[in-house]
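**Q** Contents are CSV, C-alpha atoms; file name final.csv:
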```csv
chain,number,residue,atom,x,y,z
A,26,MET,CA,115.3,105.7,74.0
A,27,GLN,CA,111.5,105.4,74.6
A,28,ALA,CA,109.8,108.6,75.9
A,29,GLN,CA,108.7,108.4,79.5
A,30,THR,CA,105.0,108.7,80.3
A,31,VAL,CA,103.8,112.0,81.6
A,32,LEU,CA,102.1,111.7,85.0
A,33,THR,CA,99.8,114.6,85.6
A,34,LEU,CA,99.0,115.8,89.1
A,35,LYS,CA,95.4,114.8,88.7
A,36,GLU,CA,96.4,111.3,87.8
A,37,ALA,CA,98.9,111.1,90.7
A,38,ILE,CA,96.2,112.2,93.2
A,39,ALA,CA,93.7,109.7,91.8
A,40,LEU,CA,96.2,106.9,92.1
A,41,GLY,CA,97.2,107.9,95.6
A,42,LEU,CA,93.6,108.0,96.8
A,43,LYS,CA,92.7,104.7,95.2
A,44,ASN,CA,95.7,102.7,96.4
A,45,ASN,CA,96.4,104.2,99.8
A,46,ASP,CA,96.2,101.6,102.6
A,47,ASN,CA,95.5,104.1,105.4
A,48,ILE,CA,92.4,105.3,103.5
A,49,ALA,CA,91.3,101.7,102.9
A,50,ILE,CA,91.7,100.9,106.6
A,51,SER,CA,89.7,104.0,107.6
A,52,LYS,CA,86.9,103.1,105.2
A,53,LEU,CA,86.8,99.6,106.7
A,54,ASN,CA,86.5,101.2,110.1
A,55,GLU,CA,83.8,103.4,108.8
A,56,ASP,CA,81.9,100.4,107.5
A,57,ILE,CA,82.3,98.7,110.9
A,58,ASP,CA,80.9,101.7,112.7
A,59,ASN,CA,77.9,101.9,110.3
A,60,MET,CA,77.3,98.2,110.7
A,61,GLN,CA,76.9,98.8,114.5
A,62,VAL,CA,73.8,101.0,113.9
A,63,TYR,CA,70.9,98.5,114.5
A,64,LYS,CA,68.3,98.3,117.3
A,65,ALA,CA,69.4,95.0,118.7
A,66,ASN,CA,72.9,96.4,119.5
A,67,VAL,CA,71.3,98.7,122.1
A,68,GLY,CA,68.9,96.2,123.4
A,69,TRP,CA,65.9,97.6,121.5
A,70,ALA,CA,64.5,94.3,120.3
A,71,PRO,CA,62.9,91.2,121.8
A,72,GLN,CA,65.3,88.6,123.2
A,73,LEU,CA,64.5,84.9,123.0
A,74,ASP,CA,66.4,82.5,125.2
A,75,TRP,CA,66.2,78.7,125.6
A,76,ASN,CA,67.4,77.3,128.9
A,77,PHE,CA,68.0,73.7,129.8
A,78,ASN,CA,69.5,72.1,132.8
A,79,PHE,CA,69.6,68.7,134.5
A,80,ASN,CA,70.1,67.9,138.1
A,81,GLY,CA,70.6,64.5,139.7
A,82,SER,CA,71.5,63.3,143.2
A,83,VAL,CA,72.1,60.1,145.2
A,84,ASN,CA,71.9,60.2,149.0
A,85,ASN,CA,70.8,58.3,152.1
A,86,VAL,CA,67.2,59.2,153.0
A,87,ASN,CA,66.1,58.6,156.6
A,88,GLN,CA,62.6,60.0,157.4
A,89,GLU,CA,60.1,59.3,160.2
A,90,PHE,CA,56.5,60.5,160.0
A,91,PHE,CA,54.0,61.2,162.7
A,92,ASP,CA,51.7,58.5,161.5
A,93,GLY,CA,54.4,55.9,162.1
A,94,ARG,CA,55.7,55.5,158.6
A,95,ASN,CA,59.5,55.3,158.2
A,96,ILE,CA,61.8,55.7,155.1
A,97,ASN,CA,65.4,54.7,155.4
A,98,ARG,CA,67.1,53.9,152.1
A,99,PHE,CA,69.6,55.2,149.5
A,100,GLY,CA,67.6,57.3,147.1
A,101,ARG,CA,68.2,59.0,143.8
A,102,THR,CA,66.6,62.0,142.2
A,103,LEU,CA,66.4,63.0,138.5
A,104,ALA,CA,65.3,66.6,137.7
A,105,PRO,CA,65.6,67.8,134.1
A,106,ASN,CA,63.9,71.1,133.2
A,107,THR,CA,63.8,73.4,130.1
A,108,ASN,CA,62.1,76.7,129.2
A,109,VAL,CA,61.9,79.3,126.5
A,110,ILE,CA,61.9,82.9,127.7
A,111,VAL,CA,61.0,86.1,125.8
A,112,ASN,CA,61.9,89.6,127.1
A,113,TYR,CA,61.0,92.8,125.4
A,114,PRO,CA,61.7,96.4,126.7
A,115,LEU,CA,58.7,98.7,126.3
A,116,TYR,CA,60.2,101.9,127.8
A,117,ASP,CA,63.5,103.0,129.1
A,118,GLY,CA,63.1,106.8,129.0
A,119,GLY,CA,64.6,107.1,125.5
A,120,ARG,CA,68.0,105.7,126.5
A,121,MET,CA,68.1,103.1,123.8
A,122,LYS,CA,67.1,105.6,121.1
A,123,THR,CA,69.9,107.9,122.3
A,124,GLN,CA,72.4,105.0,122.2
A,125,LEU,CA,71.4,104.3,118.6
A,126,GLU,CA,72.0,108.0,117.7
A,127,LEU,CA,75.4,107.7,119.4
A,128,LEU,CA,76.3,104.8,117.2
A,129,ARG,CA,75.1,106.7,114.1
A,130,GLU,CA,77.1,109.8,115.0
A,131,ALA,CA,80.2,107.6,115.6
A,132,GLY,CA,79.9,106.4,112.0
A,133,LYS,CA,79.8,110.0,110.8
A,134,ARG,CA,82.9,110.8,112.8
A,135,THR,CA,84.8,108.0,111.2
A,136,ASN,CA,83.7,109.4,107.8
A,137,ILE,CA,85.2,112.7,108.6
A,138,MET,CA,88.5,111.0,109.6
A,139,THR,CA,88.5,109.2,106.3
A,140,LYS,CA,88.2,112.5,104.5
A,141,SER,CA,90.9,114.0,106.6
A,142,ILE,CA,93.3,111.2,105.7
A,143,ALA,CA,92.4,111.5,102.0
A,144,GLU,CA,93.2,115.2,102.1
A,145,GLN,CA,96.5,114.6,103.8
A,146,VAL,CA,97.4,112.1,101.1
A,147,GLU,CA,96.4,114.6,98.5
A,148,ASP,CA,98.6,117.3,100.1
A,149,ASP,CA,101.6,115.0,100.4
A,150,ILE,CA,101.3,114.0,96.7
A,151,THR,CA,100.8,117.6,95.5
A,152,ILE,CA,103.8,118.9,97.5
A,153,THR,CA,106.1,116.1,96.3
A,154,TYR,CA,104.8,116.5,92.7
A,155,PHE,CA,105.8,120.2,92.7
A,156,ALA,CA,109.0,119.5,94.4
A,157,ILE,CA,109.9,117.2,91.5
A,158,SER,CA,108.8,119.9,89.1
A,159,ARG,CA,110.9,122.5,90.9
A,160,GLN,CA,114.0,120.2,91.0
A,161,GLN,CA,113.5,119.2,87.3
A,162,ALA,CA,113.4,122.9,86.3
A,163,THR,CA,116.7,123.4,88.3
A,164,LEU,CA,118.2,120.5,86.4
A,165,ASP,CA,117.1,121.8,83.1
A,166,PHE,CA,118.6,125.1,83.9
A,167,LEU,CA,121.9,123.5,84.9
A,168,ASN,CA,122.0,121.5,81.7
A,169,SER,CA,121.4,124.7,79.7
A,170,LEU,CA,124.1,126.5,81.5
A,171,ILE,CA,126.8,123.9,81.1
A,172,LYS,CA,127.5,125.0,77.5
A,173,TYR,CA,128.9,128.3,78.7
A,174,TYR,CA,131.3,126.5,81.1
A,175,GLU,CA,132.3,124.0,78.4
A,176,GLU,CA,132.9,126.8,75.9
A,177,ARG,CA,135.0,128.7,78.4
A,178,GLN,CA,137.0,125.6,79.2
A,179,THR,CA,137.7,125.0,75.6
A,180,ILE,CA,138.8,128.6,74.9
A,181,THR,CA,141.1,128.7,77.9
A,182,GLU,CA,142.6,125.4,77.0
A,183,GLN,CA,143.3,126.4,73.4
A,184,ARG,CA,144.9,129.7,74.5
A,185,TRP,CA,147.1,128.0,77.1
A,186,GLN,CA,148.2,125.3,74.5
A,187,ILE,CA,149.3,128.0,72.0
A,188,GLY,CA,150.9,130.2,74.7
A,189,ARG,CA,148.3,133.0,74.4
A,190,GLY,CA,146.7,132.4,77.8
A,191,SER,CA,147.5,131.3,81.4
A,192,LYS,CA,147.2,127.8,82.6
A,193,LEU,CA,145.6,129.2,85.7
A,194,ASP,CA,142.7,130.4,83.6
A,195,TYR,CA,142.4,126.9,82.1
A,196,LEU,CA,142.6,125.2,85.5
A,197,GLN,CA,140.0,127.5,87.0
A,198,SER,CA,137.7,126.9,84.0
A,199,GLN,CA,138.1,123.2,84.3
A,200,ASN,CA,137.4,123.4,88.0
A,201,ASP,CA,134.2,125.5,87.5
A,202,LEU,CA,133.1,123.0,84.8
A,203,ASN,CA,133.6,120.1,87.1
A,204,THR,CA,131.6,121.9,89.8
A,205,GLN,CA,128.7,122.4,87.4
A,206,LEU,CA,128.8,118.7,86.3
A,207,ALA,CA,128.7,117.7,90.0
A,208,ALA,CA,125.7,120.0,90.6
A,209,ILE,CA,124.0,118.4,87.6
A,210,LYS,CA,124.6,114.9,89.0
A,211,GLY,CA,123.3,116.0,92.4
A,212,ALA,CA,120.2,117.5,90.8
A,213,GLU,CA,119.6,114.2,88.9
A,214,ILE,CA,119.9,112.2,92.1
A,215,GLU,CA,117.4,114.5,93.9
A,216,VAL,CA,114.9,114.2,91.0
A,217,LYS,CA,115.3,110.4,91.1
A,218,ASN,CA,114.8,110.3,94.9
A,219,LEU,CA,111.7,112.6,94.7
A,220,LYS,CA,110.2,110.4,92.0
A,221,ILE,CA,110.7,107.3,94.1
A,222,GLN,CA,109.0,109.1,97.0
A,223,LEU,CA,106.0,110.0,94.8
A,224,ASN,CA,105.8,106.4,93.4
A,225,LEU,CA,105.6,105.2,97.0
A,226,LEU,CA,102.9,107.7,97.8
A,227,VAL,CA,100.7,106.5,94.9
A,228,ASN,CA,101.6,102.9,95.8
A,229,ARG,CA,103.5,102.1,92.6
A,230,PRO,CA,106.8,100.2,92.2
A,231,PRO,CA,109.6,102.7,93.3
A,232,ASP,CA,111.5,102.4,90.0
A,233,THR,CA,108.4,103.3,87.8
A,234,GLN,CA,109.6,105.9,85.3
A,235,PHE,CA,107.6,109.0,84.5
A,236,GLU,CA,107.8,112.7,83.8
A,237,VAL,CA,105.8,115.5,85.4
A,238,GLU,CA,103.9,118.4,83.8
A,239,GLU,CA,105.7,121.7,83.3
A,240,LEU,CA,104.6,124.3,85.8
A,241,THR,CA,102.9,127.3,84.5
A,242,GLN,CA,103.1,130.6,86.3
A,243,SER,CA,100.3,131.0,88.9
A,244,VAL,CA,97.5,133.3,87.8
A,245,GLU,CA,94.9,132.4,90.5
A,246,LEU,CA,93.2,135.3,92.3
A,247,TYR,CA,92.3,134.9,95.9
A,248,THR,CA,90.5,137.0,98.5
A,249,PHE,CA,91.2,136.5,102.2
A,250,GLU,CA,87.6,136.8,103.3
A,251,ALA,CA,86.3,134.2,100.8
A,252,SER,CA,89.2,131.9,101.5
A,253,LEU,CA,88.7,132.2,105.3
A,254,LYS,CA,85.0,131.4,105.0
A,255,ASN,CA,85.8,128.3,102.8
A,256,ALA,CA,88.4,127.2,105.3
A,257,GLU,CA,86.1,127.4,108.2
A,258,ASP,CA,83.3,125.7,106.3
A,259,ASN,CA,85.4,122.9,105.0
A,260,SER,CA,87.9,122.2,107.8
A,261,GLU,CA,87.9,118.6,108.8
A,262,ASP,CA,89.3,119.6,112.2
A,263,LEU,CA,86.4,121.9,112.9
A,264,ALA,CA,84.0,119.2,111.6
A,265,MET,CA,85.6,116.7,113.9
A,266,ILE,CA,85.1,119.0,116.9
A,267,GLU,CA,81.4,119.6,115.9
A,268,GLN,CA,80.9,115.9,115.7
A,269,ASP,CA,82.5,115.4,119.1
A,270,LEU,CA,80.3,118.0,120.5
A,271,THR,CA,77.2,116.2,119.1
A,272,ILE,CA,78.4,112.9,120.5
A,273,ASN,CA,79.2,114.4,123.9
A,274,ALA,CA,75.7,116.0,124.1
A,275,LEU,CA,74.2,112.6,123.4
A,276,ARG,CA,76.3,111.1,126.1
A,277,VAL,CA,75.1,113.7,128.6
A,278,LYS,CA,71.5,112.9,127.5
A,279,GLU,CA,72.2,109.1,127.9
A,280,ILE,CA,73.6,109.6,131.4
A,281,GLN,CA,70.6,111.7,132.5
A,282,LEU,CA,68.1,109.1,131.0
A,283,THR,CA,69.5,106.4,133.3
A,284,ASN,CA,67.3,108.0,136.0
A,285,LYS,CA,64.1,107.3,134.0
A,286,PRO,CA,62.0,104.2,134.8
A,287,ARG,CA,62.4,101.1,132.7
A,288,ILE,CA,59.4,98.9,131.8
A,289,GLY,CA,59.5,95.6,130.1
A,290,VAL,CA,57.3,92.5,129.5
A,291,PHE,CA,58.4,88.9,129.6
A,292,SER,CA,56.9,85.5,129.0
A,293,SER,CA,58.2,81.9,129.3
A,294,PHE,CA,57.1,78.5,128.3
A,295,GLY,CA,58.7,75.6,130.2
A,296,TYR,CA,58.7,72.1,131.2
A,297,SER,CA,60.2,70.6,134.5
A,298,LEU,CA,60.4,67.0,135.8
A,299,SER,CA,61.4,65.6,139.2
A,300,ASN,CA,61.6,61.9,139.6
A,301,THR,CA,62.7,60.3,142.9
A,302,ASN,CA,62.4,56.9,144.6
A,303,ALA,CA,62.6,58.3,148.1
A,304,GLY,CA,60.1,60.8,149.4
A,305,LEU,CA,56.4,61.5,149.6
A,306,ILE,CA,56.2,62.7,145.9
A,307,LEU,CA,57.8,60.2,143.6
A,308,LEU,CA,57.1,62.2,140.4
A,309,ASN,CA,56.5,65.9,139.8
A,310,GLN,CA,56.0,67.1,136.3
A,311,ASN,CA,55.1,70.7,135.1
A,312,LEU,CA,54.4,72.1,131.6
A,313,GLY,CA,53.0,75.6,131.3
A,314,LEU,CA,53.1,79.2,130.1
A,315,ASN,CA,53.6,82.3,132.2
A,316,GLY,CA,54.1,85.9,131.6
A,317,GLY,CA,54.3,89.3,133.3
A,318,PHE,CA,56.0,92.7,133.3
A,319,SER,CA,58.8,94.3,135.1
A,320,ALA,CA,59.4,97.9,136.2
A,321,THR,CA,62.6,99.5,137.6
A,322,TRP,CA,63.1,103.0,138.7
A,323,ASN,CA,66.3,104.2,140.4
A,324,LEU,CA,65.5,106.4,143.3
A,325,PHE,CA,69.0,107.1,144.6
A,326,ASP,CA,72.5,106.3,143.2
A,327,GLY,CA,74.7,108.3,145.5
A,328,GLY,CA,74.9,111.3,143.1
A,329,ASN,CA,76.6,109.3,140.4
A,330,ILE,CA,74.3,110.5,137.6
A,331,LYS,CA,74.8,114.1,138.6
A,332,LYS,CA,78.6,113.8,138.8
A,333,GLN,CA,78.9,112.0,135.5
A,334,THR,CA,76.7,114.7,133.9
A,335,GLU,CA,79.0,117.4,135.2
A,336,ILE,CA,82.1,115.5,133.9
A,337,ALA,CA,80.5,115.2,130.4
A,338,LYS,CA,79.7,118.9,130.4
A,339,TYR,CA,83.3,119.7,131.2
A,340,ARG,CA,84.3,117.7,128.2
A,341,SER,CA,82.1,120.0,126.1
A,342,LYS,CA,83.9,123.1,127.6
A,343,ILE,CA,87.2,121.6,126.5
A,344,LEU,CA,85.8,121.0,123.0
A,345,PHE,CA,84.6,124.6,122.7
A,346,LYS,CA,88.1,125.8,123.7
A,347,GLN,CA,89.6,123.5,121.1
A,348,ARG,CA,87.2,124.9,118.4
A,349,GLU,CA,88.3,128.4,119.3
A,350,LEU,CA,92.0,127.4,119.0
A,351,ILE,CA,91.4,125.7,115.6
A,352,ASN,CA,89.7,128.8,114.3
A,353,GLN,CA,92.6,130.9,115.4
A,354,ASN,CA,95.1,128.5,113.8
A,355,ILE,CA,93.2,128.5,110.5
A,356,LYS,CA,93.1,132.3,110.5
A,357,SER,CA,96.8,132.6,111.4
A,358,ALA,CA,97.9,130.0,108.8
A,359,LEU,CA,95.7,131.6,106.1
A,360,SER,CA,97.1,135.0,106.9
A,361,LEU,CA,100.6,133.7,106.6
A,362,ALA,CA,99.9,132.0,103.3
A,363,PHE,CA,98.3,135.2,101.9
A,364,ASN,CA,101.2,137.3,103.1
A,365,GLN,CA,103.7,134.9,101.4
A,366,TRP,CA,101.7,134.7,98.3
A,367,ILE,CA,101.5,138.5,97.8
A,368,SER,CA,105.2,139.0,98.8
A,369,PHE,CA,106.5,136.2,96.5
A,370,LYS,CA,104.4,137.5,93.6
A,371,GLU,CA,106.0,140.9,94.0
A,372,MET,CA,109.5,139.4,94.3
A,373,LEU,CA,108.9,137.3,91.2
A,374,LEU,CA,108.6,140.4,89.1
A,375,LEU,CA,111.9,141.6,90.3
A,376,GLU,CA,113.6,138.2,89.9
A,377,GLU,CA,112.3,137.9,86.4
A,378,SER,CA,113.8,141.2,85.5
A,379,ASN,CA,117.1,140.3,87.2
A,380,LYS,CA,117.2,137.0,85.3
A,381,LYS,CA,116.9,138.8,82.0
A,382,LEU,CA,119.6,141.3,82.9
A,383,ALA,CA,122.0,138.6,84.1
A,384,GLU,CA,121.4,136.6,81.0
A,385,GLU,CA,122.2,139.6,78.8
A,386,ASN,CA,125.3,140.3,80.9
A,387,LEU,CA,126.5,136.8,80.5
A,388,ALA,CA,126.0,136.8,76.8
A,389,ILE,CA,128.0,140.0,76.4
A,390,ALA,CA,130.8,138.8,78.8
A,391,GLN,CA,131.0,135.5,76.9
A,392,GLU,CA,131.3,137.3,73.5
A,393,LYS,CA,133.9,139.7,74.8
A,394,PHE,CA,135.9,136.8,76.2
A,395,LYS,CA,135.8,135.1,72.8
A,396,LEU,CA,137.2,138.2,71.3
A,397,GLY,CA,139.9,138.5,73.9
A,398,SER,CA,138.7,141.8,75.3
A,399,SER,CA,137.8,140.5,78.8
A,400,THR,CA,139.3,138.2,81.4
A,401,VAL,CA,138.2,134.8,82.6
A,402,LEU,CA,137.4,136.4,85.9
A,403,GLU,CA,134.8,138.6,84.3
A,404,VAL,CA,133.2,135.7,82.5
A,405,ASN,CA,133.2,133.6,85.7
A,406,ASP,CA,131.5,136.5,87.6
A,407,ALA,CA,128.9,136.8,84.9
A,408,GLN,CA,128.2,133.1,85.0
A,409,GLN,CA,127.9,133.1,88.7
A,410,ARG,CA,125.5,136.1,88.6
A,411,TYR,CA,123.4,134.4,86.0
A,412,ASP,CA,123.4,131.2,88.0
A,413,ALA,CA,122.3,132.9,91.2
A,414,ALA,CA,119.6,135.0,89.3
A,415,VAL,CA,118.0,132.0,87.8
A,416,ASN,CA,118.1,130.0,91.0
A,417,ARG,CA,116.4,132.9,92.8
A,418,TYR,CA,113.9,133.2,90.1
A,419,LEU,CA,113.0,129.5,90.2
A,420,THR,CA,112.9,129.5,94.0
A,421,THR,CA,110.5,132.5,94.0
A,422,LEU,CA,108.4,131.1,91.2
A,423,TYR,CA,107.8,127.9,93.1
A,424,ASN,CA,107.4,129.8,96.4
A,425,VAL,CA,104.4,131.6,94.7
A,426,LYS,CA,103.0,128.2,93.7
A,427,PHE,CA,103.5,126.6,97.1
A,428,ALA,CA,101.9,129.7,98.9
A,429,ALA,CA,98.9,129.3,96.5
A,430,LEU,CA,98.8,125.6,97.3
A,431,ASP,CA,98.7,126.5,101.0
A,432,ILE,CA,95.8,128.9,100.4
A,433,GLU,CA,93.9,126.2,98.4
A,434,ARG,CA,94.7,123.5,101.0
A,435,LEU,CA,93.4,125.6,103.9
A,436,SER,CA,90.4,126.8,101.9
A,437,ARG,CA,89.0,123.5,100.6
```
Take the structure in this file and express it as structure tokens.
**A**
Amino acid sequence: MQAQTVLTLKEAIALGLKNNDNIAISKLNEDIDNMQVYKANVGWAPQLDWNFNFNGSVNNVNQEFFDGRNINRFGRTLAPNTNVIVNYPLYDGGRMKTQLELLREAGKRTNIMTKSIAEQVEDDITITYFAISRQQATLDFLNSLIKYYEERQTITEQRWQIGRGSKLDYLQSQNDLNTQLAAIKGAEIEVKNLKIQLNLLVNRPPDTQFEVEELTQSVELYTFEASLKNAEDNSEDLAMIEQDLTINALRVKEIQLTNKPRIGVFSSFGYSLSNTNAGLILLNQNLGLNGGFSATWNLFDGGNIKKQTEIAKYRSKILFKQRELINQNIKSALSLAFNQWISFKEMLLLEESNKKLAEENLAIAQEKFKLGSSTVLEVNDAQQRYDAAVNRYLTTLYNVKFAALDIERLSR
């Protein structure tokens, strides 16, 4: 059978970040937000419009003049006109500049969201990867332990066949062997399911075969103060709140700037024609250039600007409260992770010692059983003790690693 390729954690994370659709979508949204940052999008550019219209009419004209003239006929009028108009804002109190800054800050916010999604993907891959490693270690242990159950079953069967042992011992041994074989099958299924889950996380076909790296015992050294500082400095949630505060401050500024005067210049070049067969003026044609400036200053708006400013400032208060809550959550989560990391490391030393003792106890019980100086119950008890000791050791070993991963996740 061909050996399966080893997929390292680093390779899995790289694949996941490269192929994740949510990250790709977020990056596209980030590109869209960055594309929105240009002056014309906030009206800070000259605007050139070409207008054209055509009017025509047919009506009965009946006119009498003081000098005795009289017009009474069906008349028609043709009146096409066209012009080119240029408008350019000179001053609006800085509102357009503020709107441009708002668009730029919105792009930065989307960038933070992209980083947050990427970190979540990395966390999901890492947790699943070590879950596979943990379950694979359990499977390897079960496979190593099966030889003791097979040997016990063989001995009890031989003794029963030759009349030197009880059939009950044989049946119990067979039952325990079957239980272990079922546990192995269950562990194999769990490993397979976790590998499918990891393949989906890195966007590979679910049946892609691979092996994971063997976990080495954690030797990282952490300090709470340094980890807390890193967590506060690198938190995407805090960065998002800070970005929202910046955006809200710009919105307050934009609202207040609506009360500033707005000045602009305009110019137009146009042509108009009026042609009629009923009236004093049969033909009227104009071609010319004109220009000027406009100024607008809102003197009273019913208190709308003041009220909208107050509402925006209340949003800032909410954001400040959210920032305090996030800081508290970071500190609480990091404290819990540190407490678990320290506690599990202490437990690991005890469980490692228990595992060695249980293994020695099983070896002695197995040897005594071969020599006929102990019962099957004693061997079964030793096997169960060893099984429980190794399971506790593996659980604690991986608990240490998962607690360390929590510290690293919160600190980065």
**Q** Rounded to one decimal place, report the atom CA of A:Asn47-atom CA of A:Asn218 distance in Å.
**A** 22.8 Å
**Q** Quick one: of A:Ile142, A:Met265, A:Val83, A:Ala65, who's nearest to A:Ser51, counting all atoms listed in the file?
**A**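 Between A:Ile142, A:Met265, A:Val83, A:Ala65, the residue approaching A:Ser51 most closely is A:Ile142.
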**Q** Which one is closest to A:Ser341: A:Ile280, A:Ile272, A:Leu312, A:Ile367? Count all atoms listed in the file.
**A**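 Selected residue with least distance to A:Ser341: A:Ile272.
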**Q** Hey, what's within 12 Å of stretch 164-170 of chain A if we count only C-alpha atoms and toss same-chain stuff fewer than 6 positions away? As a ChimeraX atom specification, please?
**A** /A:157-158,176-177,201-202,204-217,239,384,387-388,407-409,411-416,418-419
**Q** Here is a test: counting all atoms listed in the file, which residue of A:Phe79, A:Glu36, A:Gln145, A:Leu435 is nearest to A:Asn352?
**A**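 So, comparing all the options, the nearest one is A:Leu435.
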**Q** Would you mind reading off the distance between atom CA of A:Ala428 and atom CA of A:Thr151, one decimal, in Å?
**A**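 Interatomic distance, atom CA of A:Ala428 to atom CA of A:Thr151: 12.6 Å.
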**Q** Nearest to A:Ile96: which of A:Asp149, A:Asn302, A:Ile48, A:Asn224 is it, counting only C-alpha atoms?
**A**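 The shortest atom-to-atom distance to A:Ile96 comes from A:Asn302.
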**Q** Which one is closest to A:Asn354: A:Asp262, A:Glu144, A:Glu376, A:Asp117? Count all atoms listed in the file.
**A**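 Distance minimum relative to A:Asn354 lands on A:Asp262.
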**Q** Which one is closest to A:Ser436: A:Lys356, A:Arg340, A:Lys332, A:Arg417? Count all atoms listed in the file.
**A** A:Lys356
**Q** Need to verify the contact set: A:Tyr296, 9 Å, only C-alpha atoms, exclusion of same-chain residues closer than 6 positions in sequence. Can you return it as a count of residues only?
**A** 8
**Q** If you measure from atom CA of A:Lys35 to atom CA of A:Val237, what distance in Å do you get, rounded to one decimal?
**A**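 Separation between atom CA of A:Lys35 and atom CA of A:Val237: 10.9 Å.
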**Q** Please return the centre and edge lengths, in Å to one decimal, of a box with edges along x, y and z that contains all listed atoms of stretch 257-262 of chain A, widened by 8 Å on every side, as lines of an AutoDock Vina configuration file.
**A**
```
center_x = 86.3
center_y = 123.0
center_z = 108.6
size_x = 22.0
size_y = 24.8
size_z = 23.2
```
**Q** Write out as a PDB file with C-alpha atoms, keeping the file's coordinate frame each polymer residue whose atoms come within 10 Å of stretch 369-373 of chain A, counting all atoms listed in the file; drop sequence neighbours fewer than 2 positions from it.
**A**
```pdb
ATOM      1  CA  SER A 243     100.300 131.000  88.900  1.00  0.00           C
ATOM      2  CA  VAL A 244      97.500 133.300  87.800  1.00  0.00           C
ATOM      3  CA  PHE A 363      98.300 135.200 101.900  1.00  0.00           C
ATOM      4  CA  ASN A 364     101.200 137.300 103.100  1.00  0.00           C
ATOM      5  CA  GLN A 365     103.700 134.900 101.400  1.00  0.00           C
ATOM      6  CA  TRP A 366     101.700 134.700  98.300  1.00  0.00           C
ATOM      7  CA  ILE A 367     101.500 138.500  97.800  1.00  0.00           C
ATOM      8  CA  LEU A 375     111.900 141.600  90.300  1.00  0.00           C
ATOM      9  CA  GLU A 376     113.600 138.200  89.900  1.00  0.00           C
ATOM     10  CA  GLU A 377     112.300 137.900  86.400  1.00  0.00           C
ATOM     11  CA  SER A 378     113.800 141.200  85.500  1.00  0.00           C
ATOM     12  CA  ASN A 379     117.100 140.300  87.200  1.00  0.00           C
ATOM     13  CA  ARG A 417     116.400 132.900  92.800  1.00  0.00           C
ATOM     14  CA  TYR A 418     113.900 133.200  90.100  1.00  0.00           C
ATOM     15  CA  LEU A 419     113.000 129.500  90.200  1.00  0.00           C
ATOM     16  CA  THR A 420     112.900 129.500  94.000  1.00  0.00           C
ATOM     17  CA  THR A 421     110.500 132.500  94.000  1.00  0.00           C
ATOM     18  CA  LEU A 422     108.400 131.100  91.200  1.00  0.00           C
ATOM     19  CA  TYR A 423     107.800 127.900  93.100  1.00  0.00           C
ATOM     20  CA  ASN A 424     107.400 129.800  96.400  1.00  0.00           C
ATOM     21  CA  VAL A 425     104.400 131.600  94.700  1.00  0.00           C
ATOM     22  CA  LYS A 426     103.000 128.200  93.700  1.00  0.00           C
ATOM     23  CA  ALA A 428     101.900 129.700  98.900  1.00  0.00           C
TER      24      ALA A 428
END
```
**Q** Which residues are near A:Asn44? Cut-off 10 Å, only C-alpha atoms, ignore same chain within fewer than 4 positions. Put them as a list in words.
**A** Ala39, Leu40, Ile48, Ala49, Leu226, Val227, Asn228 and Arg229 of chain A
**Q** How would you write as a PyMOL selection string the residues that get within 6 Å of (62.8, 93.8, 120.7) in the file's frame, counting only C-alpha atoms?
**A** chain A and resi 69-71+113
**Q** Let's have the selection written as a PDB file, in the frame of the given file, with C-alpha atoms.
**A**
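Produced file out.pdb, reproduced below:
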```
ATOM      1  CA  TRP A  69      65.900  97.600 121.500  1.00  0.00           C
ATOM      2  CA  ALA A  70      64.500  94.300 120.300  1.00  0.00           C
ATOM      3  CA  PRO A  71      62.900  91.200 121.800  1.00  0.00           C
ATOM      4  CA  TYR A 113      61.000  92.800 125.400  1.00  0.00           C
TER       5      TYR A 113
END
```
**Q** Compute the distance from (65.9, 82.7, 126.1) to each atom, counting all atoms listed in the file, keep the residues with any atom at most 6 Å away, and return them as a PyMOL selection string; use the coordinates of the file.
**A** chain A and resi 73-75+109-111
